[in-house]
>>> print(open('model07.cif').read())   # mmCIF, C-alpha atoms
data_start
loop_
_atom_site.label_atom_id
_atom_site.label_comp_id
_atom_site.auth_asym_id
_atom_site.auth_seq_id
_atom_site.Cartn_x
_atom_site.Cartn_y
_atom_site.Cartn_z
CA MET A 11 97.39 83.00 86.75
CA PRO A 12 99.90 83.69 89.53
CA PRO A 13 98.82 82.89 93.09
CA LYS A 14 97.15 86.22 93.85
CA ASN A 15 96.50 85.94 97.54
CA THR A 16 99.98 85.78 99.04
CA VAL A 17 102.38 87.16 96.44
CA GLU A 18 100.07 89.91 95.26
CA ILE A 19 99.46 91.08 98.82
CA LEU A 20 103.19 91.50 99.34
CA ILE A 21 103.58 93.28 96.00
CA ASP A 22 100.78 95.66 97.06
CA GLN A 23 102.56 96.34 100.34
CA PHE A 24 105.79 97.20 98.58
CA SER A 25 104.06 99.37 95.99
CA ARG A 26 102.77 101.60 98.80
CA LEU A 27 106.34 102.55 99.73
CA PRO A 28 107.71 105.87 98.44
CA GLY A 29 109.29 105.63 95.00
CA LEU A 30 107.96 102.16 94.25
CA GLY A 31 105.20 101.39 91.76
CA PRO A 32 103.54 98.09 90.88
CA LYS A 33 106.26 97.15 88.38
CA SER A 34 109.27 97.77 90.61
CA SER A 35 107.48 96.08 93.52
CA ARG A 36 106.82 93.00 91.42
CA ARG A 37 110.50 92.92 90.48
CA ILE A 38 111.51 93.22 94.14
CA VAL A 39 109.15 90.51 95.36
CA LEU A 40 110.26 88.09 92.62
CA HIS A 41 113.87 88.85 93.55
CA LEU A 42 113.11 88.20 97.23
CA LEU A 43 111.43 84.89 96.35
CA LYS A 44 114.54 83.72 94.53
CA ASN A 45 116.36 83.42 97.82
CA LYS A 46 114.11 83.19 100.81
CA SER A 47 116.69 82.31 103.45
CA LEU A 48 119.28 84.85 102.31
CA LEU A 49 116.92 87.75 101.64
CA ILE A 50 113.45 87.44 103.13
CA GLU A 51 114.30 85.97 106.51
CA PRO A 52 116.96 88.59 107.38
CA MET A 53 114.54 91.29 106.24
CA ILE A 54 111.80 89.94 108.52
CA ARG A 55 114.26 90.01 111.41
CA GLY A 56 115.40 93.52 110.43
CA LEU A 57 111.84 94.81 110.37
CA GLU A 58 111.03 93.16 113.70
CA GLU A 59 114.13 94.69 115.32
CA VAL A 60 113.13 98.12 114.10
CA VAL A 61 109.56 97.72 115.41
CA GLU A 62 110.84 96.67 118.80
CA LYS A 63 113.81 98.95 119.30
CA VAL A 64 113.62 102.13 117.29
CA ASP A 65 111.61 105.13 118.38
CA TYR A 66 111.57 108.89 117.96
CA CYS A 67 113.55 111.06 120.37
CA GLY A 68 111.18 112.79 122.80
CA ILE A 69 113.11 116.02 122.48
CA CYS A 70 114.09 116.54 118.85
CA GLY A 71 112.23 113.86 116.87
CA ASN A 72 115.36 112.07 115.58
CA LEU A 73 115.39 108.27 115.53
CA THR A 74 116.75 106.67 118.66
CA LEU A 75 117.18 103.35 120.43
CA SER A 76 116.57 104.88 123.88
CA ASN A 77 114.44 107.78 125.19
CA LYS A 78 116.79 110.50 124.07
CA CYS A 79 118.75 110.39 120.81
CA SER A 80 122.55 110.44 120.66
CA ILE A 81 122.56 114.07 119.50
CA CYS A 82 120.43 115.31 122.41
CA LEU A 83 122.56 113.26 124.82
CA ASP A 84 125.85 114.59 123.43
CA THR A 85 127.04 117.21 125.93
CA LYS A 86 129.81 118.42 123.60
CA ARG A 87 127.34 119.91 121.13
CA GLN A 88 126.32 123.58 121.17
CA GLU A 89 123.21 123.96 123.27
CA ASP A 90 122.05 127.38 122.12
CA VAL A 91 121.45 126.68 118.41
CA ILE A 92 118.53 124.70 117.03
CA CYS A 93 118.34 123.63 113.41
CA ILE A 94 114.78 122.98 112.23
CA VAL A 95 114.41 120.31 109.56
CA GLU A 96 111.43 118.63 107.95
CA THR A 97 112.48 115.00 108.23
CA VAL A 98 114.99 112.68 109.88
CA SER A 99 116.72 112.21 106.53
CA ASP A 100 117.24 115.97 106.30
CA LEU A 101 118.86 115.80 109.75
CA TRP A 102 121.15 113.02 108.50
CA ALA A 103 122.02 115.05 105.40
CA ILE A 104 123.12 117.99 107.57
CA GLU A 105 125.01 115.74 110.01
CA LYS A 106 126.88 114.26 107.06
CA THR A 107 128.47 117.65 106.29
CA GLY A 108 130.16 117.59 109.72
CA LEU A 109 129.77 121.38 109.83
CA TYR A 110 127.00 121.64 112.38
CA SER A 111 127.29 120.83 116.06
CA GLY A 112 124.09 122.28 117.54
CA GLN A 113 120.70 120.82 118.36
CA TYR A 114 117.91 119.79 115.97
CA HIS A 115 114.16 119.87 115.84
CA VAL A 116 112.55 117.48 113.35
CA LEU A 117 109.11 118.75 112.32
CA GLY A 118 108.11 115.50 110.66
CA GLY A 119 106.66 117.32 107.66
CA VAL A 120 105.45 120.74 106.58
CA LEU A 121 102.28 122.72 107.17
CA SER A 122 99.67 121.81 104.60
CA ARG A 123 96.10 122.98 104.70
CA PHE A 124 95.30 120.51 101.92
CA GLU A 125 96.53 117.52 103.94
CA GLY A 126 95.22 118.94 107.23
CA ILE A 127 98.68 119.31 108.77
CA GLY A 128 98.67 122.17 111.29
CA PRO A 129 101.19 123.42 113.89
CA GLU A 130 100.22 120.72 116.44
CA GLU A 131 101.01 117.90 113.99
CA LEU A 132 104.50 119.32 113.52
CA LYS A 133 105.21 119.75 117.25
CA ILE A 134 105.56 123.51 116.82
CA PRO A 135 104.20 124.24 120.34
CA GLN A 136 106.97 121.97 121.71
CA LEU A 137 109.52 123.85 119.60
CA VAL A 138 108.34 127.20 120.95
CA ALA A 139 108.61 125.85 124.52
CA ARG A 140 112.06 124.42 123.80
CA ILE A 141 113.30 127.78 122.52
CA GLU A 142 111.97 129.61 125.58
CA GLN A 143 113.21 127.12 128.16
CA ASN A 144 116.72 126.65 126.81
CA SER A 145 117.74 130.25 126.12
CA ILE A 146 118.41 129.50 122.45
CA LYS A 147 120.39 132.18 120.61
CA GLU A 148 119.97 131.03 116.99
CA VAL A 149 117.35 129.09 115.08
CA ILE A 150 118.35 127.84 111.63
CA LEU A 151 115.35 127.27 109.36
CA ALA A 152 116.70 124.38 107.25
CA LEU A 153 113.45 123.54 105.51
CA ASN A 154 113.27 122.42 101.91
CA ALA A 155 113.16 125.13 99.26
CA THR A 156 109.68 124.03 98.20
CA VAL A 157 106.47 126.09 98.41
CA ASN A 158 105.24 124.22 101.51
CA GLY A 159 108.70 124.22 103.08
CA GLN A 160 109.02 127.96 102.67
CA THR A 161 105.47 128.62 103.86
CA THR A 162 106.25 126.62 106.97
CA ALA A 163 109.53 128.49 107.47
CA HIS A 164 107.67 131.79 107.19
CA PHE A 165 105.05 130.65 109.72
CA LEU A 166 107.76 129.45 112.12
CA ALA A 167 109.73 132.69 111.82
CA GLU A 168 106.64 134.64 112.90
CA GLU A 169 105.78 132.17 115.64
CA ILE A 170 109.19 132.24 117.32
CA ALA A 171 110.04 135.90 116.61
CA ASN A 172 111.85 137.40 119.59
CA PRO A 173 114.38 140.25 119.71
CA ARG A 174 116.91 138.06 121.57
CA LEU A 175 116.69 135.32 118.91
CA ASN A 176 118.67 135.21 115.68
CA ILE A 177 116.62 133.44 112.99
CA THR A 178 118.59 132.32 109.93
CA SER A 179 117.90 130.19 106.87
CA LEU A 180 120.11 128.19 104.51
CA GLY A 181 121.85 130.09 101.72
CA LYS A 182 120.14 129.97 98.33
CA GLY A 183 121.96 129.65 95.01
CA ILE A 184 123.35 127.39 92.32
CA PRO A 185 123.87 123.83 93.64
CA PHE A 186 127.25 122.15 93.07
CA GLY A 187 127.36 120.74 89.55
CA GLY A 188 124.35 122.87 88.61
CA GLU A 189 124.09 124.05 85.01
CA LEU A 190 122.41 127.39 84.48
CA ASP A 191 120.69 126.04 81.41
CA TYR A 192 118.79 123.47 83.48
CA LEU A 193 118.06 125.59 86.54
CA ASP A 194 114.83 127.50 87.03
CA SER A 195 114.95 131.29 86.97
CA GLY A 196 114.00 131.45 90.67
CA THR A 197 117.27 129.74 91.59
CA ILE A 198 119.25 131.92 89.21
CA SER A 199 117.60 135.07 90.58
CA ALA A 200 118.45 133.96 94.13
CA ALA A 201 122.02 133.21 93.10
CA LEU A 202 122.36 136.62 91.46
CA THR A 203 121.01 138.37 94.55
CA ALA A 204 123.34 136.36 96.81
CA ARG A 205 126.40 136.89 94.62
CA GLN A 206 129.77 137.18 96.36
CA ASN A 207 133.17 138.61 95.52
CA TYR A 208 135.25 136.13 93.59
CA MET B 28 124.48 110.22 114.50
CA PRO B 29 121.50 107.99 113.72
CA PRO B 30 121.27 104.65 115.51
CA LYS B 31 123.39 102.67 113.07
CA ASN B 32 122.88 99.16 114.28
CA THR B 33 119.19 98.56 113.70
CA VAL B 34 118.03 101.16 111.19
CA GLU B 35 121.15 101.01 109.04
CA ILE B 36 120.95 97.22 108.83
CA LEU B 37 117.42 97.47 107.47
CA ILE B 38 118.44 100.21 105.01
CA ASP B 39 121.27 97.95 103.81
CA GLN B 40 118.84 95.10 103.30
CA PHE B 41 116.52 97.26 101.21
CA SER B 42 119.38 98.69 99.18
CA ARG B 43 120.26 95.18 98.02
CA LEU B 44 116.91 94.86 96.26
CA PRO B 45 116.76 95.48 92.51
CA GLY B 46 116.23 99.12 91.58
CA LEU B 47 116.90 100.46 95.08
CA GLY B 48 120.00 102.37 96.11
CA PRO B 49 121.05 103.70 99.51
CA LYS B 50 119.03 106.91 99.10
CA SER B 51 115.74 105.34 98.09
CA SER B 52 116.16 102.66 100.76
CA ARG B 53 116.69 105.29 103.43
CA ARG B 54 113.51 107.03 102.26
CA ILE B 55 111.58 103.76 102.39
CA VAL B 56 112.82 102.80 105.87
CA LEU B 57 112.02 106.25 107.26
CA HIS B 58 108.58 106.00 105.70
CA LEU B 59 108.07 102.57 107.26
CA LEU B 60 109.12 103.90 110.67
CA LYS B 61 106.50 106.61 110.50
CA ASN B 62 103.79 104.04 110.93
CA LYS B 63 104.97 100.77 112.38
CA SER B 64 101.60 99.14 112.98
CA LEU B 65 100.10 100.12 109.61
CA LEU B 66 103.15 99.43 107.45
CA ILE B 67 105.87 97.32 109.05
CA GLU B 68 103.75 94.76 110.83
CA PRO B 69 101.63 93.86 107.78
CA MET B 70 104.83 93.65 105.74
CA ILE B 71 106.40 91.25 108.24
CA ARG B 72 103.29 89.08 108.02
CA GLY B 73 103.31 89.32 104.20
CA LEU B 74 106.95 88.22 104.03
CA GLU B 75 106.35 85.38 106.47
CA GLU B 76 103.35 84.15 104.46
CA VAL B 77 105.42 84.14 101.29
CA VAL B 78 108.27 82.23 102.95
CA GLU B 79 105.85 79.61 104.24
CA LYS B 80 103.46 79.20 101.36
CA VAL B 81 104.94 80.21 98.01
CA ASP B 82 107.18 77.91 96.01
CA TYR B 83 108.15 77.27 92.40
CA CYS B 84 106.07 74.88 90.31
CA GLY B 85 107.96 71.60 89.87
CA ILE B 86 106.95 71.45 86.21
CA CYS B 87 107.22 74.93 84.70
CA GLY B 88 108.94 77.08 87.34
CA ASN B 89 106.01 79.48 87.86
CA LEU B 90 105.16 80.58 91.40
CA THR B 91 102.62 78.41 93.16
CA LEU B 92 100.98 77.74 96.51
CA SER B 93 100.88 73.96 95.94
CA ASN B 94 103.12 71.47 94.11
CA LYS B 95 101.86 72.33 90.65
CA CYS B 96 100.96 75.85 89.55
CA SER B 97 97.49 76.85 88.40
CA ILE B 98 98.61 76.94 84.74
CA CYS B 99 100.02 73.40 84.79
CA LEU B 100 96.87 72.18 86.61
CA ASP B 101 94.50 73.88 84.15
CA THR B 102 93.23 71.11 81.86
CA LYS B 103 91.60 73.58 79.47
CA ARG B 104 94.94 74.91 78.27
CA GLN B 105 96.68 73.63 75.13
CA GLU B 106 99.05 70.85 76.09
CA ASP B 107 101.23 70.71 72.97
CA VAL B 108 102.70 74.23 73.03
CA ILE B 109 105.40 75.40 75.44
CA CYS B 110 106.39 79.04 75.74
CA ILE B 111 109.91 79.49 77.12
CA VAL B 112 110.46 82.63 79.19
CA GLU B 113 113.33 83.93 81.29
CA THR B 114 111.49 84.91 84.44
CA VAL B 115 108.17 84.59 86.22
CA SER B 116 107.42 88.25 85.50
CA ASP B 117 107.84 87.53 81.76
CA LEU B 118 105.28 84.74 82.17
CA TRP B 119 102.92 87.20 83.88
CA ALA B 120 103.46 89.71 81.07
CA ILE B 121 102.42 87.14 78.46
CA GLU B 122 99.46 85.91 80.53
CA LYS B 123 98.26 89.50 80.78
CA THR B 124 97.74 89.65 77.00
CA GLY B 125 95.16 86.85 77.29
CA LEU B 126 96.31 85.63 73.86
CA TYR B 127 98.20 82.52 74.92
CA SER B 128 96.67 79.38 76.37
CA GLY B 129 99.54 76.88 76.22
CA GLN B 130 102.14 75.73 78.72
CA TYR B 131 105.21 77.61 80.01
CA HIS B 132 108.77 76.85 80.97
CA VAL B 133 110.47 79.46 83.14
CA LEU B 134 114.25 79.29 82.73
CA GLY B 135 114.96 81.51 85.71
CA GLY B 136 117.59 83.46 83.79
CA VAL B 137 119.78 83.24 80.70
CA LEU B 138 122.99 81.42 79.88
CA SER B 139 125.97 83.49 80.94
CA ARG B 140 129.53 82.25 80.88
CA PHE B 141 130.54 85.34 82.85
CA GLU B 142 128.16 84.56 85.72
CA GLY B 143 128.72 80.81 85.44
CA ILE B 144 125.13 80.04 84.43
CA GLY B 145 125.04 76.92 82.27
CA PRO B 146 122.18 74.73 80.91
CA GLU B 147 121.77 72.86 84.23
CA GLU B 148 121.14 76.08 86.17
CA LEU B 149 118.33 76.94 83.74
CA LYS B 150 116.66 73.52 83.92
CA ILE B 151 117.28 72.96 80.21
CA PRO B 152 117.66 69.17 80.64
CA GLN B 153 114.19 69.14 82.27
CA LEU B 154 112.85 71.19 79.35
CA VAL B 155 114.28 68.72 76.82
CA ALA B 156 112.70 65.83 78.75
CA ARG B 157 109.38 67.68 78.96
CA ILE B 158 109.32 68.25 75.20
CA GLU B 159 110.07 64.56 74.50
CA GLN B 160 107.62 63.13 77.01
CA ASN B 161 104.66 65.33 76.18
CA SER B 162 104.70 65.21 72.36
CA ILE B 163 104.98 68.99 72.11
CA LYS B 164 104.25 70.45 68.67
CA GLU B 165 105.44 74.00 69.11
CA VAL B 166 108.03 75.73 71.28
CA ILE B 167 107.84 79.53 71.44
CA LEU B 168 111.16 81.12 72.36
CA ALA B 169 109.89 84.21 74.23
CA LEU B 170 113.25 85.32 75.59
CA ASN B 171 114.22 88.94 75.94
CA ALA B 172 115.69 90.65 72.88
CA THR B 173 119.00 91.14 74.68
CA VAL B 174 122.36 89.63 73.73
CA ASN B 175 122.21 86.99 76.46
CA GLY B 176 118.54 86.30 75.80
CA GLN B 177 119.16 85.73 72.11
CA THR B 178 122.28 83.61 72.76
CA THR B 179 120.19 81.44 75.07
CA ALA B 180 117.40 81.22 72.47
CA HIS B 181 119.93 80.13 69.86
CA PHE B 182 121.38 77.49 72.20
CA LEU B 183 117.90 76.20 73.05
CA ALA B 184 116.86 76.03 69.40
CA GLU B 185 119.85 73.77 68.67
CA GLU B 186 119.31 71.71 71.80
CA ILE B 187 115.66 70.90 71.11
CA ALA B 188 115.87 70.74 67.30
CA ASN B 189 113.65 67.99 66.00
CA PRO B 190 111.87 67.66 62.63
CA ARG B 191 108.49 67.11 64.36
CA LEU B 192 108.88 70.29 66.42
CA ASN B 193 107.93 73.78 65.30
CA ILE B 194 110.26 76.31 66.98
CA THR B 195 109.07 79.92 66.85
CA SER B 196 110.15 83.21 68.39
CA LEU B 197 108.35 86.48 69.15
CA GLY B 198 107.94 88.95 66.28
CA LYS B 199 110.48 91.77 66.19
CA GLY B 200 109.69 95.34 65.27
CA ILE B 201 108.68 98.80 66.45
CA PRO B 202 107.05 98.70 69.91
CA PHE B 203 103.70 100.47 70.42
CA GLY B 204 104.35 104.15 70.98
CA GLY B 205 107.86 103.75 69.62
CA GLU B 206 109.41 106.73 67.86
CA LEU B 207 111.85 105.90 65.07
CA ASP B 208 114.06 108.73 66.18
CA TYR B 209 114.68 107.09 69.55
CA LEU B 210 114.91 103.47 68.40
CA ASP B 211 118.19 101.76 67.61
CA SER B 212 118.88 100.81 64.02
CA GLY B 213 118.72 97.08 64.89
CA THR B 214 115.04 97.45 65.78
CA ILE B 215 114.35 99.54 62.69
CA SER B 216 116.14 97.01 60.47
CA ALA B 217 114.10 94.18 62.03
CA ALA B 218 110.91 96.19 61.53
CA LEU B 219 111.78 96.87 57.89
CA THR B 220 112.48 93.19 57.27
CA ALA B 221 109.23 92.18 59.00
CA ARG B 222 107.12 94.79 57.20
CA GLN B 223 103.55 93.91 56.34
CA ASN B 224 100.92 95.13 53.87
CA TYR B 225 99.01 98.09 55.26
#
>>> encode(input="model07.cif", output="structure tokens")
Amino acid sequence: MPPKNTVEILIDQFSRLPGLGPKSSRRIVLHLLKNKSLLIEPMIRGLEEVVEKVDYCGICGNLTLSNKCSICLDTKRQEDVICIVETVSDLWAIEKTGLYSGQYHVLGGVLSRFEGIGPEELKIPQLVARIEQNSIKEVILALNATVNGQTTAHFLAEEIANPRLNITSLGKGIPFGGELDYLDSGTISAALTARQNY
Amino acid sequence: MPPKNTVEILIDQFSRLPGLGPKSSRRIVLHLLKNKSLLIEPMIRGLEEVVEKVDYCGICGNLTLSNKCSICLDTKRQEDVICIVETVSDLWAIEKTGLYSGQYHVLGGVLSRFEGIGPEELKIPQLVARIEQNSIKEVILALNATVNGQTTAHFLAEEIANPRLNITSLGKGIPFGGELDYLDSGTISAALTARQNY
């Protein structure tokens, strides 16, 4: 039998990460063991660095190495637009387009009665305060097009409703490379409704 | 932009692991960051433990916490049968069946001219010596049914050929749950050739 204590503990730890099961974790740990000095030791240092240095921005919830993140510190960005996203990776995905130069607010998840996630857990009170204090003109609801994402967007829209505030959401339709045959009818209906002149 | 230095380094490290790409690594690192004390710190300790304590068995190549692994130390196991496998996870897969109680020899890979992996890299000389010194009666070639696996098996069979030695290989055929429609004709041919009375 393999030495359960040490190796199995590490495999268990990996298998708790998103997207990894017991099989892929076993493969990863065996791969790591093949070259301790080249793989495991740098990873230990990488994890330690992250524990020490990385934190969440006190304003928007992005990752940062100081108190405020580089986006909140950037004075060249538009100050009157806030884009609301679920996670930091959603923020990165939007930044990657290069099309957006406003502020962000990372919720850190979506409302879920089942998981006991309410407005406080998502820093919605802070968002409401931010919108009031900074004379925001537009809020973009860039939540995922899932049931919970859309429920949260709906809740937020009601929470921050204000005649001076323009609340928008991302356009819905066929994704690039999408084949009608494989898309659900909800997407196709949305694309039909949002059709544009060619 | 996200803090590239620290977080991106860790994402890079994860994306070098088998089965992980940049996207899944980003997801994992963001998940880890959500709970440093519950996830990252135990993982650092787990990795450190493994670096310190786990090594390869000097005899068979299995993982072990001491010089010899628990299989090589187990005196109740058959001493005259060696099962040759490519990797430690293959050894675990066979152990899981509970059907085998002999010795193992983990090659740590397969012969590959392309990757410059020759007999020395796979500890084949040690295997030959082990077979001679321990009056082995049977060698089971339990290599993967891939081109490189079978080439290696063929090479090994020639290398260890000896009239006193019974060299066997795993049975070939339809895997459990296999559907003929989805199986390649090589497998079906092998299954036809290896057919048994019902």
>>> atom_distance(input="model07.cif", atom1="atom CA of Trp102 of chain A", atom2="atom CA of Asp84 of chain A")
15.7 Å
>>> calpha_fit_rmsd(input="model07.cif", fixed="chain B", moving="chain A")
0.1 Å
>>> resolve_selection(input="model07.cif", expression="the PyMOL selection byres ((chain A) within 9 of (chain B))", output="VMD selection string")
chain A and resid 11 to 13 16 to 17 19 to 20 23 to 24 26 to 29 34 36 to 43 46 to 47 49 to 61 63 to 65 72 to 75 79 to 81 97 to 99 102 105 to 106
>>> residues_around(input="model07.cif", residues="Ala180 of chain B", least_positions_apart="6", cutoff="10 Å", atoms="all atoms listed in the file", output="ChimeraX atom specification")
/B:111-112,137-138,167-172,174,186,196
>>> closest_residue(input="model07.cif", among="A:Thr156, A:Thr178, A:Thr107, A:Gln143", to="Thr197 of chain A", atoms="all atoms listed in the file")
A:Thr156
>>> resolve_selection(input="model07.cif", expression="the PyMOL selection byres ((chain B and resi 187) around 10)", output="count of residues only")
18
>>> atom_distance(input="model07.cif", atom1="atom CA of Cys70 of chain A", atom2="atom CA of Ser42 of chain B")
27.1 Å
>>> atom_distance(input="model07.cif", atom1="atom CA of Asn176 of chain A", atom2="atom CA of Ser199 of chain A")
25.1 Å
>>> closest_residue(input="model07.cif", among="A:Gly159, A:Gly126, A:Gly112, A:Gly188", to="Thr85 of chain A", atoms="all atoms listed in the file")
A:Gly112
>>> closest_residue(input="model07.cif", among="B:Glu106, B:Glu113, B:Glu206, B:Glu148", to="His132 of chain B", atoms="all atoms listed in the file")
B:Glu113
>>> residues_around(input="model07.cif", residues="Ala218 of chain B", least_positions_apart="3", cutoff="7 Å", atoms="all atoms listed in the file", output="PDB file with C-alpha atoms, in the frame of the given file")
ATOM      1  CA  LYS B 199     110.480  91.770  66.190  1.00  0.00           C
ATOM      2  CA  GLY B 200     109.690  95.340  65.270  1.00  0.00           C
ATOM      3  CA  ILE B 201     108.680  98.800  66.450  1.00  0.00           C
ATOM      4  CA  THR B 214     115.040  97.450  65.780  1.00  0.00           C
ATOM      5  CA  ILE B 215     114.350  99.540  62.690  1.00  0.00           C
ATOM      6  CA  ALA B 221     109.230  92.180  59.000  1.00  0.00           C
ATOM      7  CA  ARG B 222     107.120  94.790  57.200  1.00  0.00           C
TER       8      ARG B 222
END
>>> decode(input="model07.cif", residues="segment 176-200 of chain A", atoms="N, CA and C atoms", output="PDB file, in the first residue's frame")
ATOM      1  N   ASN A 176     -28.085  55.355 -14.334  1.00  0.00           N
ATOM      2  CA  ASN A 176     -28.347  54.516 -15.491  1.00  0.00           C
ATOM      3  C   ASN A 176     -27.851  53.102 -15.184  1.00  0.00           C
ATOM      4  N   ILE A 177     -28.791  52.145 -15.122  1.00  0.00           N
ATOM      5  CA  ILE A 177     -28.399  50.761 -14.824  1.00  0.00           C
ATOM      6  C   ILE A 177     -28.440  49.955 -16.118  1.00  0.00           C
ATOM      7  N   THR A 178     -27.327  49.359 -16.498  1.00  0.00           N
ATOM      8  CA  THR A 178     -27.273  48.586 -17.742  1.00  0.00           C
ATOM      9  C   THR A 178     -26.827  47.157 -17.438  1.00  0.00           C
ATOM     10  N   SER A 179     -27.019  46.282 -18.414  1.00  0.00           N
ATOM     11  CA  SER A 179     -26.487  44.916 -18.266  1.00  0.00           C
ATOM     12  C   SER A 179     -25.834  44.516 -19.585  1.00  0.00           C
ATOM     13  N   LEU A 180     -25.038  43.451 -19.550  1.00  0.00           N
ATOM     14  CA  LEU A 180     -24.331  43.019 -20.761  1.00  0.00           C
ATOM     15  C   LEU A 180     -25.333  42.542 -21.810  1.00  0.00           C
ATOM     16  N   GLY A 181     -24.987  42.746 -23.091  1.00  0.00           N
ATOM     17  CA  GLY A 181     -25.854  42.281 -24.163  1.00  0.00           C
ATOM     18  C   GLY A 181     -25.950  40.770 -24.174  1.00  0.00           C
ATOM     19  N   LYS A 182     -27.138  40.262 -24.521  1.00  0.00           N
ATOM     20  CA  LYS A 182     -27.330  38.811 -24.588  1.00  0.00           C
ATOM     21  C   LYS A 182     -27.435  38.379 -26.047  1.00  0.00           C
ATOM     22  N   GLY A 183     -26.912  37.209 -26.375  1.00  0.00           N
ATOM     23  CA  GLY A 183     -27.026  36.714 -27.741  1.00  0.00           C
ATOM     24  C   GLY A 183     -26.136  35.524 -27.995  1.00  0.00           C
ATOM     25  N   ILE A 184     -25.920  35.249 -29.278  1.00  0.00           N
ATOM     26  CA  ILE A 184     -25.096  34.110 -29.690  1.00  0.00           C
ATOM     27  C   ILE A 184     -23.629  34.428 -29.385  1.00  0.00           C
ATOM     28  N   PRO A 185     -22.912  33.584 -28.666  1.00  0.00           N
ATOM     29  CA  PRO A 185     -21.488  33.842 -28.444  1.00  0.00           C
ATOM     30  C   PRO A 185     -20.692  33.605 -29.732  1.00  0.00           C
ATOM     31  N   PHE A 186     -19.512  34.220 -29.819  1.00  0.00           N
ATOM     32  CA  PHE A 186     -18.652  34.000 -30.988  1.00  0.00           C
ATOM     33  C   PHE A 186     -18.359  32.513 -31.144  1.00  0.00           C
ATOM     34  N   GLY A 187     -18.480  32.011 -32.361  1.00  0.00           N
ATOM     35  CA  GLY A 187     -18.235  30.587 -32.590  1.00  0.00           C
ATOM     36  C   GLY A 187     -19.417  29.712 -32.190  1.00  0.00           C
ATOM     37  N   GLY A 188     -20.497  30.330 -31.721  1.00  0.00           N
ATOM     38  CA  GLY A 188     -21.651  29.548 -31.271  1.00  0.00           C
ATOM     39  C   GLY A 188     -22.400  28.935 -32.441  1.00  0.00           C
ATOM     40  N   GLU A 189     -22.848  27.695 -32.278  1.00  0.00           N
ATOM     41  CA  GLU A 189     -23.643  27.049 -33.320  1.00  0.00           C
ATOM     42  C   GLU A 189     -25.060  26.906 -32.808  1.00  0.00           C
ATOM     43  N   LEU A 190     -26.002  27.381 -33.603  1.00  0.00           N
ATOM     44  CA  LEU A 190     -27.396  27.404 -33.162  1.00  0.00           C
ATOM     45  C   LEU A 190     -27.848  26.044 -32.664  1.00  0.00           C
ATOM     46  N   ASP A 191     -27.378  25.017 -33.375  1.00  0.00           N
ATOM     47  CA  ASP A 191     -27.750  23.653 -33.084  1.00  0.00           C
ATOM     48  C   ASP A 191     -27.431  23.262 -31.643  1.00  0.00           C
ATOM     49  N   TYR A 192     -26.353  23.830 -31.105  1.00  0.00           N
ATOM     50  CA  TYR A 192     -25.904  23.451 -29.766  1.00  0.00           C
ATOM     51  C   TYR A 192     -26.342  24.438 -28.685  1.00  0.00           C
ATOM     52  N   LEU A 193     -26.945  25.548 -29.088  1.00  0.00           N
ATOM     53  CA  LEU A 193     -27.325  26.555 -28.097  1.00  0.00           C
ATOM     54  C   LEU A 193     -28.735  26.310 -27.586  1.00  0.00           C
ATOM     55  N   ASP A 194     -28.979  26.649 -26.343  1.00  0.00           N
ATOM     56  CA  ASP A 194     -30.310  26.487 -25.773  1.00  0.00           C
ATOM     57  C   ASP A 194     -31.260  27.513 -26.365  1.00  0.00           C
ATOM     58  N   SER A 195     -32.567  27.247 -26.262  1.00  0.00           N
ATOM     59  CA  SER A 195     -33.520  28.135 -26.923  1.00  0.00           C
ATOM     60  C   SER A 195     -33.616  29.479 -26.210  1.00  0.00           C
ATOM     61  N   GLY A 196     -33.236  29.522 -24.917  1.00  0.00           N
ATOM     62  CA  GLY A 196     -33.205  30.813 -24.212  1.00  0.00           C
ATOM     63  C   GLY A 196     -32.248  31.773 -24.890  1.00  0.00           C
ATOM     64  N   THR A 197     -31.042  31.277 -25.205  1.00  0.00           N
ATOM     65  CA  THR A 197     -30.038  32.114 -25.868  1.00  0.00           C
ATOM     66  C   THR A 197     -30.533  32.554 -27.243  1.00  0.00           C
ATOM     67  N   ILE A 198     -31.128  31.606 -27.971  1.00  0.00           N
ATOM     68  CA  ILE A 198     -31.583  31.931 -29.324  1.00  0.00           C
ATOM     69  C   ILE A 198     -32.730  32.942 -29.261  1.00  0.00           C
ATOM     70  N   SER A 199     -33.627  32.767 -28.290  1.00  0.00           N
ATOM     71  CA  SER A 199     -34.712  33.749 -28.118  1.00  0.00           C
ATOM     72  C   SER A 199     -34.130  35.127 -27.836  1.00  0.00           C
ATOM     73  N   ALA A 200     -33.134  35.181 -26.925  1.00  0.00           N
ATOM     74  CA  ALA A 200     -32.528  36.472 -26.578  1.00  0.00           C
ATOM     75  C   ALA A 200     -31.860  37.089 -27.797  1.00  0.00           C
TER      76      ALA A 200
END
